[in-house]
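Coordinates as given in query.csv (CSV, C-alpha atoms):
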chain,number,residue,atom,x,y,z
A,1,MET,CA,-33.3,-121.5,7.2
A,2,VAL,CA,-30.7,-120.8,4.6
A,3,LEU,CA,-27.3,-121.8,6.0
A,4,ASP,CA,-25.4,-122.7,2.9
A,5,GLY,CA,-24.6,-119.1,2.3
A,6,GLN,CA,-23.0,-118.9,5.8
A,7,ARG,CA,-20.4,-121.7,5.2
A,8,GLY,CA,-17.5,-119.2,5.4
A,9,LYS,CA,-18.4,-118.5,9.1
A,10,ALA,CA,-17.5,-122.1,9.9
A,11,ASP,CA,-13.9,-121.7,8.9
A,12,PHE,CA,-12.9,-121.2,12.6
A,13,ALA,CA,-13.9,-124.8,13.3
A,14,LEU,CA,-12.5,-126.2,10.0
A,15,ALA,CA,-9.2,-124.5,9.3
A,16,PRO,CA,-7.3,-125.7,12.4
A,17,VAL,CA,-8.2,-129.3,11.8
A,18,ALA,CA,-7.7,-129.0,8.0
A,19,LYS,CA,-4.2,-127.7,8.5
A,20,LYS,CA,-3.3,-130.8,10.6
A,21,LEU,CA,-4.8,-133.1,8.0
A,22,ILE,CA,-3.2,-131.3,5.0
A,23,ASN,CA,-1.3,-134.4,4.0
A,24,VAL,CA,-4.4,-136.6,4.1
A,25,ASN,CA,-6.2,-137.4,0.8
A,26,PRO,CA,-9.4,-135.3,0.8
A,27,ASN,CA,-11.3,-138.3,-0.8
A,28,HIS,CA,-10.5,-140.4,2.3
A,29,ILE,CA,-12.1,-137.7,4.4
A,30,SER,CA,-15.2,-137.8,2.1
A,31,TRP,CA,-15.4,-141.5,2.7
A,32,ILE,CA,-15.4,-141.0,6.4
A,33,GLY,CA,-18.3,-138.5,6.1
A,34,LEU,CA,-20.3,-141.0,4.0
A,35,ILE,CA,-19.7,-143.9,6.4
A,36,LEU,CA,-20.8,-141.7,9.3
A,37,ALA,CA,-24.0,-140.7,7.4
A,38,PHE,CA,-24.8,-144.3,6.9
A,39,VAL,CA,-24.3,-145.0,10.6
A,40,SER,CA,-26.4,-142.0,11.6
A,41,GLY,CA,-29.3,-143.3,9.4
A,42,LEU,CA,-29.0,-146.7,10.9
A,43,LEU,CA,-29.0,-145.3,14.5
A,44,LEU,CA,-32.1,-143.2,13.8
A,45,TYR,CA,-33.9,-146.1,12.2
A,46,LEU,CA,-33.2,-148.2,15.4
A,47,SER,CA,-34.1,-145.4,17.8
A,48,PHE,CA,-37.8,-146.0,18.0
A,49,GLU,CA,-37.3,-148.7,20.6
A,50,ARG,CA,-34.0,-147.5,21.9
A,51,HIS,CA,-34.5,-143.8,22.5
A,52,TYR,CA,-30.9,-143.1,23.6
A,53,LEU,CA,-29.9,-143.8,20.0
A,54,LEU,CA,-31.7,-140.5,19.1
A,55,LEU,CA,-28.9,-138.6,20.8
A,56,ILE,CA,-26.1,-140.7,19.4
A,57,GLY,CA,-27.7,-140.5,15.9
A,58,ALA,CA,-27.9,-136.7,16.2
A,59,ALA,CA,-24.3,-136.5,17.2
A,60,VAL,CA,-23.2,-138.7,14.3
A,61,VAL,CA,-25.2,-136.6,11.8
A,62,LEU,CA,-23.4,-133.5,13.0
A,63,LEU,CA,-20.0,-135.3,12.8
A,64,SER,CA,-20.8,-136.5,9.3
A,65,GLY,CA,-21.7,-132.9,8.2
A,66,TYR,CA,-18.4,-131.7,9.7
A,67,PHE,CA,-16.4,-134.2,7.7
A,68,ASP,CA,-18.4,-133.3,4.6
A,69,ALA,CA,-17.2,-129.7,5.0
A,70,LEU,CA,-13.7,-130.7,6.0
A,71,ASP,CA,-12.8,-132.5,2.9
A,72,GLY,CA,-13.2,-129.4,0.7
A,73,LYS,CA,-11.2,-127.3,3.2
A,74,VAL,CA,-8.3,-129.7,3.2
A,75,ALA,CA,-8.4,-129.9,-0.7
A,76,LYS,CA,-8.2,-126.1,-1.0
A,77,LEU,CA,-5.4,-125.8,1.6
A,78,ALA,CA,-3.4,-128.6,0.0
A,79,GLY,CA,-4.0,-127.4,-3.5
A,80,LYS,CA,-5.7,-130.7,-4.3
A,81,ALA,CA,-9.1,-129.3,-5.4
A,82,SER,CA,-10.2,-130.9,-8.6
A,83,ASP,CA,-13.2,-131.6,-10.8
A,84,LYS,CA,-13.0,-135.3,-9.8
A,85,GLY,CA,-13.0,-134.4,-6.1
A,86,ASP,CA,-15.9,-132.0,-6.6
A,87,TYR,CA,-17.9,-134.7,-8.5
A,88,LEU,CA,-17.2,-137.3,-5.8
A,89,ASP,CA,-18.2,-134.9,-3.1
A,90,HIS,CA,-21.6,-134.3,-4.8
A,91,VAL,CA,-22.2,-138.0,-5.3
A,92,PHE,CA,-21.4,-138.8,-1.7
A,93,ASP,CA,-23.6,-135.9,-0.5
A,94,ARG,CA,-26.6,-137.4,-2.3
A,95,TYR,CA,-26.0,-140.8,-0.8
A,96,ALA,CA,-25.5,-139.2,2.6
A,97,ASP,CA,-28.9,-137.5,2.3
A,98,VAL,CA,-30.5,-140.8,1.4
A,99,PHE,CA,-28.8,-142.5,4.4
A,100,MET,CA,-29.6,-139.9,7.0
A,101,ILE,CA,-33.1,-138.9,5.9
A,102,GLY,CA,-34.0,-142.4,4.6
A,103,GLY,CA,-33.2,-143.9,8.1
A,104,VAL,CA,-36.1,-141.8,9.5
A,105,ALA,CA,-38.3,-142.3,6.4
A,106,VAL,CA,-38.4,-146.1,6.8
A,107,SER,CA,-38.5,-146.1,10.6
A,108,ALA,CA,-41.5,-146.3,12.9
A,109,TRP,CA,-41.2,-142.6,13.6
A,110,CYS,CA,-42.5,-141.6,10.2
A,111,ASN,CA,-45.4,-142.3,7.8
A,112,PRO,CA,-43.6,-143.9,4.7
A,113,TYR,CA,-45.5,-141.7,2.3
A,114,ILE,CA,-44.3,-138.6,4.1
A,115,GLY,CA,-40.8,-140.1,4.1
A,116,MET,CA,-40.9,-140.7,0.4
A,117,LEU,CA,-42.0,-137.1,-0.3
A,118,ALA,CA,-39.2,-135.8,1.9
A,119,LEU,CA,-36.6,-137.8,0.0
A,120,VAL,CA,-38.0,-136.6,-3.3
A,121,GLY,CA,-37.9,-133.0,-2.1
A,122,VAL,CA,-34.3,-133.2,-0.8
A,123,LEU,CA,-32.9,-135.0,-3.9
A,124,LEU,CA,-34.7,-132.6,-6.3
A,125,THR,CA,-33.4,-129.6,-4.4
A,126,SER,CA,-29.8,-130.8,-4.9
A,127,TYR,CA,-30.5,-131.9,-8.5
A,128,MET,CA,-31.8,-128.5,-9.5
A,129,GLY,CA,-28.7,-126.8,-8.0
A,130,THR,CA,-26.2,-128.9,-10.0
A,131,GLN,CA,-28.3,-129.2,-13.1
A,132,ALA,CA,-28.2,-125.4,-13.4
A,133,GLN,CA,-24.5,-125.6,-13.9
A,134,ALA,CA,-24.8,-128.5,-16.3
A,135,VAL,CA,-26.9,-126.4,-18.7
A,136,GLY,CA,-24.5,-123.4,-18.5
A,137,ALA,CA,-26.1,-121.3,-15.8
A,138,PRO,CA,-24.4,-120.6,-12.4
A,139,ARG,CA,-24.6,-123.4,-9.9
A,140,LEU,CA,-27.3,-122.7,-7.3
A,141,TYR,CA,-27.0,-123.0,-3.5
A,142,ALA,CA,-29.8,-120.5,-2.8
A,143,GLY,CA,-33.2,-121.5,-1.6
A,144,LEU,CA,-35.2,-122.3,1.5
A,145,LEU,CA,-33.5,-125.7,2.2
A,146,GLY,CA,-29.9,-126.3,1.5
A,147,ARG,CA,-27.7,-129.1,2.6
A,148,ALA,CA,-26.4,-127.3,5.7
A,149,ASP,CA,-30.0,-126.7,6.7
A,150,ARG,CA,-30.8,-130.4,6.4
A,151,VAL,CA,-27.8,-131.3,8.5
A,152,VAL,CA,-28.7,-128.9,11.3
A,153,LEU,CA,-32.4,-130.0,11.3
A,154,SER,CA,-31.4,-133.7,11.2
A,155,THR,CA,-29.3,-133.0,14.3
A,156,LEU,CA,-31.8,-130.8,16.2
A,157,PHE,CA,-35.0,-132.8,15.7
A,158,PRO,CA,-33.8,-136.2,17.1
A,159,VAL,CA,-32.7,-134.2,20.2
A,160,ILE,CA,-36.1,-132.6,20.4
A,161,GLN,CA,-37.8,-136.0,20.0
A,162,PHE,CA,-35.7,-137.4,22.8
A,163,ILE,CA,-36.5,-134.5,25.2
A,164,MET,CA,-40.2,-134.7,24.4
A,165,ILE,CA,-40.4,-138.4,25.0
A,166,TYR,CA,-39.2,-137.9,28.6
A,167,ALA,CA,-41.3,-134.8,28.9
A,168,GLY,CA,-44.3,-137.0,28.2
A,169,HIS,CA,-45.2,-135.5,24.8
A,170,PRO,CA,-43.6,-137.9,22.2
A,171,LEU,CA,-46.4,-137.2,19.8
A,172,ILE,CA,-48.4,-134.1,18.7
A,173,ASP,CA,-52.1,-134.5,18.2
A,174,ILE,CA,-53.4,-132.5,15.2
A,175,SER,CA,-57.1,-132.9,14.6
A,176,GLY,CA,-57.1,-136.4,15.8
A,177,TYR,CA,-53.9,-137.4,13.9
A,178,SER,CA,-50.8,-138.0,15.9
A,179,ILE,CA,-47.4,-137.2,14.5
A,180,SER,CA,-43.9,-137.5,16.0
A,181,TRP,CA,-41.5,-134.6,16.2
A,182,LEU,CA,-39.2,-136.4,13.7
A,183,GLU,CA,-42.2,-136.6,11.4
A,184,ILE,CA,-42.6,-132.8,11.6
A,185,MET,CA,-39.0,-132.6,10.3
A,186,MET,CA,-39.8,-134.9,7.4
A,187,ILE,CA,-42.9,-132.9,6.5
A,188,TRP,CA,-40.7,-129.8,6.5
A,189,PHE,CA,-38.3,-131.6,4.1
A,190,ALA,CA,-41.2,-132.7,1.9
A,191,VAL,CA,-42.8,-129.3,1.6
A,192,VAL,CA,-39.9,-126.9,1.8
A,193,GLY,CA,-37.6,-129.2,-0.2
A,194,ASN,CA,-40.0,-129.3,-3.1
A,195,LEU,CA,-40.6,-125.6,-2.9
A,196,THR,CA,-36.8,-125.0,-3.0
A,197,ALA,CA,-36.5,-127.3,-6.0
A,198,VAL,CA,-39.2,-125.2,-7.8
A,199,GLN,CA,-37.5,-122.0,-6.7
A,200,ARG,CA,-34.2,-123.1,-8.1
A,201,ALA,CA,-35.8,-124.2,-11.3
A,202,MET,CA,-37.3,-120.8,-11.7
A,203,VAL,CA,-34.1,-118.9,-11.0
A,204,THR,CA,-32.2,-121.1,-13.5
A,205,TRP,CA,-34.9,-120.5,-16.2
A,206,LYS,CA,-34.6,-116.8,-15.6
A,207,ASN,CA,-30.8,-116.9,-15.8
A,208,LEU,CA,-31.0,-119.0,-19.1
A,209,SER,CA,-33.5,-116.5,-20.5
A,210,LYS,CA,-31.0,-113.7,-20.0
A,211,LYS,CA,-28.5,-115.6,-22.2
A,212,ASP,CA,-30.9,-115.9,-25.2
If you convert what's in this file into structure tokens, what do you get?
Amino acid sequence: MVLDGQRGKADFALAPVAKKLINVNPNHISWIGLILAFVSGLLLYLSFERHYLLLIGAAVVLLSGYFDALDGKVAKLAGKASDKGDYLDHVFDRYADVFMIGGVAVSAWCNPYIGMLALVGVLLTSYMGTQAQAVGAPRLYAGLLGRADRVVLSTLFPVIQFIMIYAGHPLIDISGYSISWLEIMMIWFAVVGNLTAVQRAMVTWKNLSKKD
């Protein structure tokens, strides 16, 4: 999945709301997105014994992602886009990633080692994208696992986990080792996240070599 390059197609859902909120400080919208990310992580952490929280957590993840996209749209329409706002947005995005993915990582749904690797993969992916710009290369959004992809998967897999619980298949047995559906998501983040980080590092290295 590479959804970051398709953000323009979400304008139909963002523009009408952004126009109504044009007088609202975009940073306040960013704060709402961050708070929702924290709540979603908490809900997913608590969902192992309260399965209905999987659905609520998934909905809050999606809502958090919406506000994360909305702040930038409001800033552009209101002419309030700035380096400070961009910086704040990136800082909040990293905290949001930690809250949402970390909630699963430290829950009973997931092996903590897999959770740790997933967080490393996600954070390194984002770091490689912004570090490219810091060293004078173009900022990178390309790769196998962007932020939009993470939001979609973090919405989809809790729903799948909920459905499979009531279908009688909450776990998948692989060679005698049982894993949850949420753990599959975390394995994907761990593997593909780190591959995306490496991919972005290679692209940046190539772009910097062209400047020499």
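Of the residues listed (A:Gln199, A:Asn25, A:Ser209, A:Ser30), A:Gln199 shows the shortest atom-to-atom separation from Met128 in chain A; distances use only C-alpha atoms.
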Between A:Leu144, A:Val159, A:Ala108, A:Val61, which has the minimum distance to Phe38 in chain A (counting all atoms listed in the file)? A:Val61
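Computed from the coordinates, the CA of Asp173 in chain A to CA of Ile114 in chain A distance equals 16.6 Å.
Put simply, CA of Pro158 in chain A is 26.2 Å away from CA of Tyr127 in chain A.
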Given only C-alpha atoms as the counted atoms, nearest of A:Ala96, A:Leu21, A:Leu182, A:Ala75 to Phe48 in chain A: A:Leu182
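Our summary of the geometry notes that CA of Val151 in chain A is positioned 22.5 Å from CA of Ala201 in chain A.
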List the neighbours of Tyr52 in chain A out to 12 Å using all atoms listed in the file; skip same-chain residues closer than 4 positions along the sequence, and give me the result as a compact mmCIF listing (two decimals) with C-alpha atoms, in the frame of the given file.
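Printed below is selection_37.txt as written:
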# COMPACT_ATOMS: atom_id res chain seq x y z
CA LEU A 43 -29.00 -145.30 14.50
CA LEU A 44 -32.10 -143.20 13.80
CA LEU A 46 -33.20 -148.20 15.40
CA SER A 47 -34.10 -145.40 17.80
CA PHE A 48 -37.80 -146.00 18.00
CA ILE A 56 -26.10 -140.70 19.40
CA GLY A 57 -27.70 -140.50 15.90
CA ALA A 58 -27.90 -136.70 16.20
CA ALA A 59 -24.30 -136.50 17.20
CA PRO A 158 -33.80 -136.20 17.10
CA VAL A 159 -32.70 -134.20 20.20
CA GLN A 161 -37.80 -136.00 20.00
CA PHE A 162 -35.70 -137.40 22.80
CA ILE A 163 -36.50 -134.50 25.20
CA ILE A 165 -40.40 -138.40 25.00
CA TYR A 166 -39.20 -137.90 28.60
Hey, what's within 10 Å of Val106 in chain A if we count only C-alpha atoms and toss same-chain stuff fewer than 3 positions away? As number ranges by chain, please? A: 41, 44-45, 101-103, 109-116
I'd like the neighbourhood of Leu195 in chain A as a ChimeraX atom specification, where a residue qualifies if any of its atoms comes within 9 Å (using all atoms listed in the file), though same-chain residues fewer than 3 positions away should be ignored. /A:121,125,143-145,190-192,198-200
Because the input lacks atoms here, generate N, CA and C atoms for range 143-162 of chain A and report them as an mmCIF file, in the coordinates of the input.
data_model
loop_
_atom_site.group_PDB
_atom_site.id
_atom_site.type_symbol
_atom_site.label_atom_id
_atom_site.label_comp_id
_atom_site.auth_asym_id
_atom_site.auth_seq_id
_atom_site.Cartn_x
_atom_site.Cartn_y
_atom_site.Cartn_z
ATOM 1 N N GLY A 143 -31.927 -120.876 -1.780
ATOM 2 C CA GLY A 143 -33.200 -121.500 -1.600
ATOM 3 C C GLY A 143 -33.539 -121.689 -0.120
ATOM 4 N N LEU A 144 -34.691 -122.246 0.142
ATOM 5 C CA LEU A 144 -35.200 -122.300 1.500
ATOM 6 C C LEU A 144 -34.594 -123.522 2.274
ATOM 7 N N LEU A 145 -34.047 -124.514 1.560
ATOM 8 C CA LEU A 145 -33.500 -125.700 2.200
ATOM 9 C C LEU A 145 -32.296 -126.237 1.551
ATOM 10 N N GLY A 146 -31.144 -125.780 2.009
ATOM 11 C CA GLY A 146 -29.900 -126.300 1.500
ATOM 12 C C GLY A 146 -29.364 -127.443 2.303
ATOM 13 N N ARG A 147 -28.220 -127.980 1.917
ATOM 14 C CA ARG A 147 -27.700 -129.100 2.600
ATOM 15 C C ARG A 147 -27.309 -128.809 4.071
ATOM 16 N N ALA A 148 -26.730 -127.633 4.293
ATOM 17 C CA ALA A 148 -26.400 -127.300 5.700
ATOM 18 C C ALA A 148 -27.617 -127.199 6.548
ATOM 19 N N ASP A 149 -28.717 -126.706 5.992
ATOM 20 C CA ASP A 149 -30.000 -126.700 6.700
ATOM 21 C C ASP A 149 -30.441 -128.066 7.109
ATOM 22 N N ARG A 150 -30.311 -128.990 6.160
ATOM 23 C CA ARG A 150 -30.800 -130.400 6.400
ATOM 24 C C ARG A 150 -29.934 -131.020 7.520
ATOM 25 N N VAL A 151 -28.636 -130.760 7.514
ATOM 26 C CA VAL A 151 -27.800 -131.300 8.500
ATOM 27 C C VAL A 151 -28.155 -130.784 9.925
ATOM 28 N N VAL A 152 -28.376 -129.473 9.996
ATOM 29 C CA VAL A 152 -28.700 -128.900 11.300
ATOM 30 C C VAL A 152 -30.073 -129.396 11.785
ATOM 31 N N LEU A 153 -31.069 -129.474 10.915
ATOM 32 C CA LEU A 153 -32.400 -130.000 11.300
ATOM 33 C C LEU A 153 -32.337 -131.449 11.691
ATOM 34 N N SER A 154 -31.518 -132.216 10.954
ATOM 35 C CA SER A 154 -31.400 -133.700 11.200
ATOM 36 C C SER A 154 -30.633 -133.902 12.539
ATOM 37 N N THR A 155 -29.925 -132.896 13.012
ATOM 38 C CA THR A 155 -29.300 -133.000 14.300
ATOM 39 C C THR A 155 -30.223 -132.515 15.421
ATOM 40 N N LEU A 156 -30.956 -131.454 15.141
ATOM 41 C CA LEU A 156 -31.800 -130.800 16.200
ATOM 42 C C LEU A 156 -33.046 -131.657 16.498
ATOM 43 N N PHE A 157 -33.743 -132.174 15.494
ATOM 44 C CA PHE A 157 -35.000 -132.800 15.700
ATOM 45 C C PHE A 157 -34.921 -134.151 16.496
ATOM 46 N N PRO A 158 -33.905 -134.978 16.267
ATOM 47 C CA PRO A 158 -33.800 -136.200 17.100
ATOM 48 C C PRO A 158 -33.593 -135.799 18.597
ATOM 49 N N VAL A 159 -32.882 -134.703 18.857
ATOM 50 C CA VAL A 159 -32.700 -134.200 20.200
ATOM 51 C C VAL A 159 -34.054 -133.793 20.812
ATOM 52 N N ILE A 160 -34.809 -133.043 19.997
ATOM 53 C CA ILE A 160 -36.100 -132.600 20.400
ATOM 54 C C ILE A 160 -37.036 -133.802 20.704
ATOM 55 N N GLN A 161 -36.991 -134.800 19.816
ATOM 56 C CA GLN A 161 -37.800 -136.000 20.000
ATOM 57 C C GLN A 161 -37.446 -136.692 21.311
ATOM 58 N N PHE A 162 -36.163 -136.807 21.593
ATOM 59 C CA PHE A 162 -35.700 -137.400 22.800
ATOM 60 C C PHE A 162 -36.210 -136.678 24.064
#
